Every structure is written in C-alpha cells, then in structure tokens.
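Structure first, commentary second.
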Amino acid sequence: MGLPLTISDLKISGDRGRIILHVDRLSIAPGEAVGVRGPSGAGKSTLLFAVAGLLPIAGGTVRWGEVELSALSDAERAAFRRQRIGMVFQDYLLFEELTPLANAGLAGAYSKRARRKPITSRAAGMLEKLGIGLDGARSVASFSGGERQRVAVARALATDPDIVLADEPTASLDREAADRLVDDLVRLAREGGKTLISVSHDPAVHARMDRMIEVVDGGLRETVTGDA
C-alpha cells in the first residue's frame, strides 16, 4: 500500500545558500494521486526530487510514514528509494541496447538474490499490462517514444514500490501516446494502492489526479482540484 507524505517547513537551498523551495506544510494521504503544476523554473521538479531524498534538505522535515528522510544517511536514503520508490522521468533513462524486459527488470541486478526473480516476474507482468511484448532480443533502440515511456513505467513498478514519482511523464510524447500513458500509469498506481505524485504541464495528467498542487516562485500557492 501507499505511504503517507508529511512535509513541514521544508527548505531546499541552491547556489550560495539561497532558498529555492520553501514548503510550509503539505500532507498527502496513502494511495492518493497528486499532481504538481506551475511555471517553468518555479520549483516543481525540486519538490519531487526533495521528496525522493535526492536533494539535501536545508531545513524542515520530509516524512514518508514513519521514515524521516533527513534523519537517514546517504546510503539509507538510497536503500529507501530502491525499496519504496519507483520513478518515471521525462527522458525515459533507458539503456538503449537492452531489451524491454532487461530495462524494466533492471532493479533485480542490484538486489539480493531472493528478490531478483520476483522483480523480473513483475517487470514482465507490467510490460504485458502496458502492451509491450517480450520480443526476444529486440532492444528498445527501435521503440517509439510512447513505447519507451511504457517500459520506463514498467521499470518503476517492477519493484512493487509504495510510492511512484513521475517527472513530466508525457512531455516527450504525442497526444495519443500521452493519453494512453497517463491512463495506464494512473490505473496501475491505483490498482496497487500506491501514492502517486506527478509533476506535469499536461492538463490530461491534471484531470486524472485526485487533486493538484501549484508551485509558484519556490512555494506552494494553493491546492486545486484535479480537473481545474
């Protein structure tokens, strides 16, 4: 099941110690789908990377359930991401020379032996649900943008994470591929009861969220409904 997120007085600093993101308070329920929108450079991706534990915290707290990210060491945060978070990126970040299954099941190569087979099995199942065939030795180099992003979604879900974080998941796709991708991403996250946070400029993504958060000038200005 998804994990609840609680942020309190979060500060992320940039060059020369300047605060580039300040979130006074934010709560997300377990299993909730929340979108993040706002102007370019406002701090949307900074917020996403902060809740993933990928940025140093200058002040405040980011808590997933009972886990406070700033209290963890770098190694502990990395372990938390591997075990609890799946991430989807705008530019796919796939290994072009590998097959869809090798890409989607990549986490298994870095996991203990007991987890490798289950990860590979879930990766294959997710690819099937996303309409990606397991075509033997065919690499993703020949795939369309929509197909690549579906492989990336399968990779994010292959470890059965509690949390899915997506950074502009439809930005590189045409309208038809984007609509199919967001439908499948939200459906699979909901089926698994996962907490989903998606940064996006795409109104189609906004419309599928339970609610929207707007980031303006490095802060949260308001919360709006998903179809706003």
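For the structure tokens, the naming scheme is as follows: chains receive sequential letters (A, B, ...) according to their order of presentation, residues are indexed from 1 within each chain, and ligands are indexed from 1 in presentation order.
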> What lies within 12 Å of Leu196 (chain A) using only C-alpha atoms, ignoring chain neighbours under 3 positions off, as a PyMOL selection string?
Replying inline: chain A and resi 1-5+28-36+48+51+85-88+156-157+161-167+182+185-193+199+205+208-212
>> Report as JSON, numbers by chain all protein, DNA and RNA residues lying within 8 Å of region 89-99 of chain A, evaluated on only C-alpha atoms, omitting residues in the same chain fewer than 6 positions from it.
In response: {"A": [136, 137, 138, 139, 140, 141, 148, 149, 152, 166, 167, 168, 169, 170, 171, 172]}
Could you turn the residues from that selection into a file that holds C-alpha atoms, as a PDB file, in the first residue's frame?
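This went into selection-v7.pdb:
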```
ATOM      1  CA  GLY A 136      13.263 -11.845 -27.577  1.00  0.00           C
ATOM      2  CA  ALA A 137      16.455  -9.917 -28.254  1.00  0.00           C
ATOM      3  CA  ARG A 138      14.801  -6.762 -29.664  1.00  0.00           C
ATOM      4  CA  SER A 139      16.277  -3.710 -27.937  1.00  0.00           C
ATOM      5  CA  VAL A 140      14.413  -0.528 -27.004  1.00  0.00           C
ATOM      6  CA  ALA A 141      16.560   1.427 -29.500  1.00  0.00           C
ATOM      7  CA  ARG A 148       9.911   3.682 -24.292  1.00  0.00           C
ATOM      8  CA  GLN A 149       7.956   5.540 -21.647  1.00  0.00           C
ATOM      9  CA  ALA A 152      10.005   3.157 -18.024  1.00  0.00           C
ATOM     10  CA  ALA A 166       6.768  10.952 -12.188  1.00  0.00           C
ATOM     11  CA  ASP A 167       8.561  13.989 -13.632  1.00  0.00           C
ATOM     12  CA  GLU A 168       6.799  15.245 -16.802  1.00  0.00           C
ATOM     13  CA  PRO A 169       5.962  11.682 -17.902  1.00  0.00           C
ATOM     14  CA  THR A 170       4.074  12.756 -21.061  1.00  0.00           C
ATOM     15  CA  ALA A 171       6.218  15.728 -22.142  1.00  0.00           C
ATOM     16  CA  SER A 172       8.098  13.889 -24.904  1.00  0.00           C
TER      17      SER A 172
END
```
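For the residues A:Pro100, A:Gly43, A:Glu176, A:His22, ranking by smallest atom-to-atom distance to Phe143 (chain A) using only C-alpha atoms places A:Pro100 first.
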> Taking the backbone alone, and naming residues the way the document does, which bits of region 18-221 of chain A are alpha helix (DSSP H) by DSSP, as a ChimeraX atom specification?
Replying inline: /A:44-51,74-84,100-104,113-129,145-157,175-191,203-208
>> For a quick check of understanding, using only C-alpha atoms, which of A:Ala42, A:Ile7, A:Ile12, A:Leu55 has the smallest distance to Val216 (chain A)?
In response: A:Ala42
>> Report as number ranges by chain all protein, DNA and RNA residues lying within 9 Å of Arg155 (chain A), evaluated on only C-alpha atoms, omitting residues in the same chain fewer than 5 positions from it.
In response: A: 86-88, 101, 103-107, 123, 126-127, 150
>> Here is a test: counting only C-alpha atoms, which residue of A:Pro203, A:Pro56, A:Gly145, A:Gly133 is nearest to Gly17 (chain A)?
In response: A:Pro56
>> Quick check for you: according to DSSP on this backbone, which residues of region 45-121 of chain A are classed as strand (DSSP E)? Reply as a ChimeraX atom specification.
In response: /A:59-64,67-68,85-88
Selected residues, all heavy atoms, written as a PDB file, in the first residue's frame, please.
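The resulting selection02.pdb:
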```pdb
ATOM      1  N   GLY A  59      16.403  22.690   5.735  1.00  0.00           N
ATOM      2  CA  GLY A  59      15.606  22.872   6.942  1.00  0.00           C
ATOM      3  C   GLY A  59      14.274  22.177   6.802  1.00  0.00           C
ATOM      4  O   GLY A  59      13.807  21.904   5.700  1.00  0.00           O
ATOM      5  N   GLY A  60      13.639  21.870   7.938  1.00  0.00           N
ATOM      6  CA  GLY A  60      12.339  21.233   7.922  1.00  0.00           C
ATOM      7  C   GLY A  60      12.422  19.726   7.779  1.00  0.00           C
ATOM      8  O   GLY A  60      13.499  19.121   7.882  1.00  0.00           O
ATOM      9  N   THR A  61      11.266  19.104   7.544  1.00  0.00           N
ATOM     10  CA  THR A  61      11.198  17.649   7.508  1.00  0.00           C
ATOM     11  C   THR A  61      10.388  17.162   6.307  1.00  0.00           C
ATOM     12  O   THR A  61       9.438  17.801   5.866  1.00  0.00           O
ATOM     13  CB  THR A  61      10.540  17.085   8.791  1.00  0.00           C
ATOM     14  OG1 THR A  61       9.218  17.621   8.927  1.00  0.00           O
ATOM     15  CG2 THR A  61      11.366  17.434  10.013  1.00  0.00           C
ATOM     16  N   VAL A  62      10.808  16.001   5.805  1.00  0.00           N
ATOM     17  CA  VAL A  62      10.055  15.243   4.801  1.00  0.00           C
ATOM     18  C   VAL A  62       9.887  13.844   5.374  1.00  0.00           C
ATOM     19  O   VAL A  62      10.867  13.120   5.565  1.00  0.00           O
ATOM     20  CB  VAL A  62      10.804  15.175   3.455  1.00  0.00           C
ATOM     21  CG1 VAL A  62      10.037  14.278   2.479  1.00  0.00           C
ATOM     22  CG2 VAL A  62      10.989  16.561   2.862  1.00  0.00           C
ATOM     23  N   ARG A  63       8.650  13.473   5.651  1.00  0.00           N
ATOM     24  CA  ARG A  63       8.391  12.192   6.318  1.00  0.00           C
ATOM     25  C   ARG A  63       7.459  11.332   5.462  1.00  0.00           C
ATOM     26  O   ARG A  63       6.359  11.744   5.110  1.00  0.00           O
ATOM     27  CB  ARG A  63       7.755  12.444   7.689  1.00  0.00           C
ATOM     28  CG  ARG A  63       7.540  11.188   8.524  1.00  0.00           C
ATOM     29  CD  ARG A  63       6.912  11.519   9.875  1.00  0.00           C
ATOM     30  NE  ARG A  63       7.766  12.369  10.665  1.00  0.00           N
ATOM     31  CZ  ARG A  63       8.749  11.925  11.446  1.00  0.00           C
ATOM     32  NH1 ARG A  63       8.985  10.628  11.530  1.00  0.00           N
ATOM     33  NH2 ARG A  63       9.489  12.764  12.133  1.00  0.00           N
ATOM     34  N   TRP A  64       7.953  10.143   5.124  1.00  0.00           N
ATOM     35  CA  TRP A  64       7.124   9.133   4.474  1.00  0.00           C
ATOM     36  C   TRP A  64       6.729   8.111   5.532  1.00  0.00           C
ATOM     37  O   TRP A  64       7.567   7.349   5.986  1.00  0.00           O
ATOM     38  CB  TRP A  64       7.884   8.435   3.358  1.00  0.00           C
ATOM     39  CG  TRP A  64       8.057   9.223   2.101  1.00  0.00           C
ATOM     40  CD1 TRP A  64       9.195   9.814   1.636  1.00  0.00           C
ATOM     41  CD2 TRP A  64       7.045   9.488   1.119  1.00  0.00           C
ATOM     42  NE1 TRP A  64       8.955  10.428   0.433  1.00  0.00           N
ATOM     43  CE2 TRP A  64       7.646  10.247   0.084  1.00  0.00           C
ATOM     44  CE3 TRP A  64       5.691   9.162   1.007  1.00  0.00           C
ATOM     45  CZ2 TRP A  64       6.935  10.677  -1.038  1.00  0.00           C
ATOM     46  CZ3 TRP A  64       4.985   9.590  -0.103  1.00  0.00           C
ATOM     47  CH2 TRP A  64       5.605  10.329  -1.112  1.00  0.00           C
ATOM     48  N   VAL A  67       9.179   7.262   8.369  1.00  0.00           N
ATOM     49  CA  VAL A  67      10.570   7.477   7.944  1.00  0.00           C
ATOM     50  C   VAL A  67      10.807   8.954   7.664  1.00  0.00           C
ATOM     51  O   VAL A  67      10.168   9.543   6.792  1.00  0.00           O
ATOM     52  CB  VAL A  67      10.903   6.648   6.692  1.00  0.00           C
ATOM     53  CG1 VAL A  67      12.330   6.933   6.230  1.00  0.00           C
ATOM     54  CG2 VAL A  67      10.709   5.162   6.963  1.00  0.00           C
ATOM     55  N   GLU A  68      11.737   9.567   8.392  1.00  0.00           N
ATOM     56  CA  GLU A  68      12.130  10.954   8.183  1.00  0.00           C
ATOM     57  C   GLU A  68      13.400  10.968   7.333  1.00  0.00           C
ATOM     58  O   GLU A  68      14.460  10.518   7.757  1.00  0.00           O
ATOM     59  CB  GLU A  68      12.362  11.635   9.537  1.00  0.00           C
ATOM     60  CG  GLU A  68      13.092  12.961   9.466  1.00  0.00           C
ATOM     61  CD  GLU A  68      12.499  13.905   8.436  1.00  0.00           C
ATOM     62  OE1 GLU A  68      11.265  14.080   8.440  1.00  0.00           O
ATOM     63  OE2 GLU A  68      13.260  14.424   7.613  1.00  0.00           O
ATOM     64  N   ILE A  85      10.350   3.423  -3.580  1.00  0.00           N
ATOM     65  CA  ILE A  85      10.010   4.446  -4.572  1.00  0.00           C
ATOM     66  C   ILE A  85      10.301   3.960  -5.985  1.00  0.00           C
ATOM     67  O   ILE A  85      11.367   3.406  -6.256  1.00  0.00           O
ATOM     68  CB  ILE A  85      10.798   5.751  -4.309  1.00  0.00           C
ATOM     69  CG1 ILE A  85      10.430   6.356  -2.948  1.00  0.00           C
ATOM     70  CG2 ILE A  85      10.520   6.779  -5.404  1.00  0.00           C
ATOM     71  CD1 ILE A  85      11.214   7.606  -2.585  1.00  0.00           C
ATOM     72  N   GLY A  86       9.349   4.186  -6.889  1.00  0.00           N
ATOM     73  CA  GLY A  86       9.568   3.994  -8.318  1.00  0.00           C
ATOM     74  C   GLY A  86       9.497   5.348  -9.001  1.00  0.00           C
ATOM     75  O   GLY A  86       8.624   6.153  -8.683  1.00  0.00           O
ATOM     76  N   MET A  87      10.426   5.614  -9.922  1.00  0.00           N
ATOM     77  CA  MET A  87      10.481   6.926 -10.561  1.00  0.00           C
ATOM     78  C   MET A  87      10.363   6.805 -12.078  1.00  0.00           C
ATOM     79  O   MET A  87      10.914   5.891 -12.688  1.00  0.00           O
ATOM     80  CB  MET A  87      11.773   7.657 -10.185  1.00  0.00           C
ATOM     81  CG  MET A  87      11.901   7.922  -8.687  1.00  0.00           C
ATOM     82  SD  MET A  87      13.218   9.098  -8.254  1.00  0.00           S
ATOM     83  CE  MET A  87      12.508  10.641  -8.849  1.00  0.00           C
ATOM     84  N   VAL A  88       9.626   7.772 -12.662  1.00  0.00           N
ATOM     85  CA  VAL A  88       9.448   7.866 -14.108  1.00  0.00           C
ATOM     86  C   VAL A  88       9.940   9.242 -14.531  1.00  0.00           C
ATOM     87  O   VAL A  88       9.524  10.254 -13.964  1.00  0.00           O
ATOM     88  CB  VAL A  88       7.968   7.698 -14.512  1.00  0.00           C
ATOM     89  CG1 VAL A  88       7.815   7.770 -16.033  1.00  0.00           C
ATOM     90  CG2 VAL A  88       7.405   6.388 -13.972  1.00  0.00           C
TER      91      VAL A  88
END
```
> Excluding same-chain residues fewer than 2 positions from Leu21 (chain A), what lies within 8 Å of it counting only C-alpha atoms, as a PyMOL selection string?
Replying inline: chain A and resi 10-13+19+23+43+46-47+217-219
Selection from above, N, CA, C and O atoms, as an mmCIF file, in the first residue's frame, can you write it?
```
data_model
loop_
_atom_site.group_PDB
_atom_site.id
_atom_site.type_symbol
_atom_site.label_atom_id
_atom_site.label_comp_id
_atom_site.auth_asym_id
_atom_site.auth_seq_id
_atom_site.Cartn_x
_atom_site.Cartn_y
_atom_site.Cartn_z
ATOM 1 N N LEU A 10 9.701 22.760 4.988
ATOM 2 C CA LEU A 10 10.799 22.276 4.159
ATOM 3 C C LEU A 10 11.489 23.425 3.437
ATOM 4 O O LEU A 10 10.834 24.259 2.811
ATOM 5 N N LYS A 11 12.817 23.445 3.493
ATOM 6 C CA LYS A 11 13.623 24.431 2.773
ATOM 7 C C LYS A 11 14.702 23.700 1.991
ATOM 8 O O LYS A 11 15.440 22.881 2.533
ATOM 9 N N ILE A 12 14.786 24.020 0.693
ATOM 10 C CA ILE A 12 15.838 23.497 -0.168
ATOM 11 C C ILE A 12 16.630 24.695 -0.676
ATOM 12 O O ILE A 12 16.049 25.661 -1.189
ATOM 13 N N SER A 13 17.939 24.631 -0.516
ATOM 14 C CA SER A 13 18.770 25.764 -0.912
ATOM 15 C C SER A 13 19.503 25.472 -2.215
ATOM 16 O O SER A 13 19.783 24.319 -2.554
ATOM 17 N N ILE A 19 17.499 30.099 -0.720
ATOM 18 C CA ILE A 19 16.384 29.160 -0.639
ATOM 19 C C ILE A 19 15.622 29.168 -1.963
ATOM 20 O O ILE A 19 15.115 30.205 -2.396
ATOM 21 N N VAL A 23 8.369 24.933 1.488
ATOM 22 C CA VAL A 23 7.031 24.367 1.644
ATOM 23 C C VAL A 23 6.691 24.384 3.117
ATOM 24 O O VAL A 23 7.293 23.655 3.912
ATOM 25 N N GLY A 43 9.976 25.409 -9.281
ATOM 26 C CA GLY A 43 10.404 24.519 -8.208
ATOM 27 C C GLY A 43 9.674 23.191 -8.174
ATOM 28 O O GLY A 43 9.782 22.451 -7.199
ATOM 29 N N THR A 46 12.138 20.313 -8.249
ATOM 30 C CA THR A 46 12.872 20.384 -6.978
ATOM 31 C C THR A 46 12.071 19.740 -5.867
ATOM 32 O O THR A 46 12.605 18.981 -5.047
ATOM 33 N N LEU A 47 10.762 20.004 -5.827
ATOM 34 C CA LEU A 47 9.890 19.373 -4.832
ATOM 35 C C LEU A 47 9.898 17.858 -4.999
ATOM 36 O O LEU A 47 10.028 17.110 -4.021
ATOM 37 N N ASP A 217 7.041 30.418 -7.712
ATOM 38 C CA ASP A 217 8.152 31.143 -7.088
ATOM 39 C C ASP A 217 8.722 30.423 -5.876
ATOM 40 O O ASP A 217 9.010 31.029 -4.840
ATOM 41 N N GLY A 218 8.883 29.103 -5.992
ATOM 42 C CA GLY A 218 9.528 28.343 -4.934
ATOM 43 C C GLY A 218 8.672 28.068 -3.729
ATOM 44 O O GLY A 218 9.189 27.697 -2.672
ATOM 45 N N GLY A 219 7.353 28.217 -3.851
ATOM 46 C CA GLY A 219 6.467 27.919 -2.738
ATOM 47 C C GLY A 219 5.143 27.378 -3.232
ATOM 48 O O GLY A 219 4.801 27.492 -4.409
#
```
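Taking CA of Leu26 (chain A) as the reference point, CA of Thr195 (chain A) is found at 14.1 Å.
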> When distances are computed from only C-alpha atoms, which of A:Thr159, A:Leu134, A:Ile197, A:Gly146 shows the smallest separation from Asp174 (chain A)?
Replying inline: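 Counting only C-alpha atoms, the residue closest to Asp174 (chain A) is A:Gly146.
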